[in-house]
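Take a look at the structure set out below.
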Amino acid sequence: MTGVVYWLDMAGVIVFALSGVILACRSRMDPFGMLVLAAVTGIGGGTLRDLVLGVRPVFWVTDPTYLWVILATVGLSILGFHYIHRLSRGFLPVADAFGLALFTVIGAHKALMLESPGVVAVLMGLLTGVAGGMVRDVLARRVPMVLRQEVYATASIAGGVVFVGLEALAAPLAVSIATGLVVTLGLRLSAIHWHLSLPVFAWVVVQPSPTSQDPEGDGQEQAMPHGRPKARVKLIPPGRSRRRGKAK
């Protein structure tokens, strides 16, 4: 299974690098900008993972094949620029979802190979899956997907927990990898298709009621001239938060 894990890692680099190229095209970057976005997306998360785990040197230094794969991805993308530029806007989130699923499992697997605790392995899968995309979006002056309301990091955590749990139960590695991939990819694609998102906590200003009942009990309403707005922290459902939320 070592060779399978290696090629899955390489596939994740290609998919993430392609997502960086697509975003660079939409941001009107030059070929060097495309290369930078492809590189930070493809190997950024794994680099941070190795640094946190104390792996020296990092994976792409010992195996420069990763760099050549990124260069080849960018070169082929430049040749097929017109086709990439015509891709629908939904292609980038889908490509990113595949990269997220692959890197989540690869990151968790590498942490377990280094005998890290299960919770650390889940976090390393999350870091490997989201860090590169975060840097990519920041360089392209976009709000990173992981910081939006979308189900993104949650999908990575769920897939990492399933993978680590199956490994703890001594399941075959192929089963653990396949299940972790399916869980992460299924949650992320479902969120994209049905626009699923998490509820948010928002600082909401509540305006006072303009009228109140007469304290003498005669049923008449009286004005409240000295009412002041009150601030409250409320849990706003996803659908409502996009339409009517007034967060401060």
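The way I read the labels, and the way they are meant: chains A, B, ... in the order of the structure tokens, residue 1 as the first residue of every chain, and ligand 1 as the first ligand shown, with later ones counted on from there.
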Using only C-alpha atoms, which residues sit within 12 Å of Trp60 of chain A once same-chain residues fewer than 4 positions away are excluded, as a VMD selection string?
chain A and resid 9 to 10 13 39 42 to 48 50 55 to 56 64 to 70
Identify, on the basis of only C-alpha atoms, every residue whose closest approach to Thr179 of chain A does not exceed 8 Å; exclude the query and any residue fewer than 2 positions from it along the same chain; express the result as a PyMOL selection string.
chain A and resi 159+162-163+175-177+181-183
Keeping N, CA and C atoms for every residue in the selection just given, could you write it to a file as a tab-separated table (two decimals), in the first residue's frame?
chain	number	residue	atom	x	y	z
A	159	GLY	N	-13.64	13.22	7.96
A	159	GLY	CA	-12.89	12.19	7.24
A	159	GLY	C	-11.66	11.73	8.00
A	162	VAL	N	-12.75	9.41	10.89
A	162	VAL	CA	-13.12	8.08	10.39
A	162	VAL	C	-11.86	7.27	10.03
A	163	PHE	N	-10.92	7.91	9.35
A	163	PHE	CA	-9.68	7.21	8.96
A	163	PHE	C	-8.90	6.76	10.18
A	175	VAL	N	-9.15	-0.11	3.18
A	175	VAL	CA	-10.50	0.23	3.64
A	175	VAL	C	-10.50	1.57	4.36
A	176	SER	N	-9.49	1.79	5.21
A	176	SER	CA	-9.41	3.05	5.95
A	176	SER	C	-9.27	4.24	5.00
A	177	ILE	N	-8.40	4.09	4.01
A	177	ILE	CA	-8.18	5.18	3.05
A	177	ILE	C	-9.45	5.45	2.25
A	181	LEU	N	-11.65	8.90	2.41
A	181	LEU	CA	-11.86	9.69	1.19
A	181	LEU	C	-13.34	9.91	0.91
A	182	VAL	N	-14.13	8.86	1.01
A	182	VAL	CA	-15.56	8.95	0.71
A	182	VAL	C	-16.27	9.89	1.68
A	183	VAL	N	-15.93	9.79	2.97
A	183	VAL	CA	-16.59	10.65	3.95
A	183	VAL	C	-16.26	12.12	3.71
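When only C-alpha atoms are used to compute distances to Phe81 of chain A, the closest of the residues A:Val143, A:Val58, A:Val40, A:Leu18 turns out to be A:Leu18.
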I'd like the contact shell of segment 22-25 of chain A - 8 Å cut-off, only C-alpha atoms, skipping same-chain residues fewer than 4 positions apart - returned as a compact mmCIF listing (two decimals) with C-alpha atoms, in the first residue's frame.
# COMPACT_ATOMS: atom_id res chain seq x y z
CA LEU A 18 -4.74 22.77 -10.87
CA MET A 29 -2.00 36.58 -13.04
CA ASP A 30 1.03 36.01 -15.23
CA GLY A 33 1.80 33.97 -10.52
CA MET A 34 0.20 30.75 -11.76
CA LEU A 37 -0.37 29.69 -6.59
CA ILE A 84 -9.21 26.16 -18.43
CA HIS A 85 -10.48 29.71 -18.69
CA LEU A 92 -12.83 25.12 -8.68
CA ALA A 140 -5.47 35.85 -4.63
I'd like the interatomic distance between atom CA of Val204 of chain A and atom CA of Ala191 of chain A, to a tenth of an Å.
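One can read the atom CA of Val204 of chain A to atom CA of Ala191 of chain A distance as 26.2 Å.
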Neighbour list for Ala202 of chain A as a VMD selection string, cut-off 7 Å, only C-alpha atoms, skip fewer than 2 positions in-chain:
chain A and resid 200 204 233 to 236 247
Output of the above residues as a PDB file, in the first residue's frame, restricted to N, CA and C atoms:
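Now in part13.pdb:
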ATOM      1  N   VAL A 200     -23.998  30.389  12.560  1.00  0.00           N
ATOM      2  CA  VAL A 200     -22.980  31.321  13.028  1.00  0.00           C
ATOM      3  C   VAL A 200     -23.456  32.025  14.287  1.00  0.00           C
ATOM      4  N   VAL A 204     -25.804  40.730  17.514  1.00  0.00           N
ATOM      5  CA  VAL A 204     -26.988  41.321  16.895  1.00  0.00           C
ATOM      6  C   VAL A 204     -27.514  42.444  17.785  1.00  0.00           C
ATOM      7  N   VAL A 233     -25.875  38.202  21.718  1.00  0.00           N
ATOM      8  CA  VAL A 233     -25.222  37.196  20.887  1.00  0.00           C
ATOM      9  C   VAL A 233     -26.244  36.116  20.568  1.00  0.00           C
ATOM     10  N   LYS A 234     -26.508  35.915  19.284  1.00  0.00           N
ATOM     11  CA  LYS A 234     -27.512  34.956  18.863  1.00  0.00           C
ATOM     12  C   LYS A 234     -26.915  33.930  17.909  1.00  0.00           C
ATOM     13  N   LEU A 235     -27.472  32.740  17.949  1.00  0.00           N
ATOM     14  CA  LEU A 235     -27.103  31.686  17.013  1.00  0.00           C
ATOM     15  C   LEU A 235     -28.032  31.792  15.809  1.00  0.00           C
ATOM     16  N   ILE A 236     -27.484  32.197  14.668  1.00  0.00           N
ATOM     17  CA  ILE A 236     -28.284  32.469  13.485  1.00  0.00           C
ATOM     18  C   ILE A 236     -28.203  31.276  12.538  1.00  0.00           C
ATOM     19  N   ALA A 247     -25.172  41.295  11.732  1.00  0.00           N
ATOM     20  CA  ALA A 247     -24.081  41.112  12.673  1.00  0.00           C
ATOM     21  C   ALA A 247     -23.209  42.365  12.713  1.00  0.00           C
TER      22      ALA A 247
END
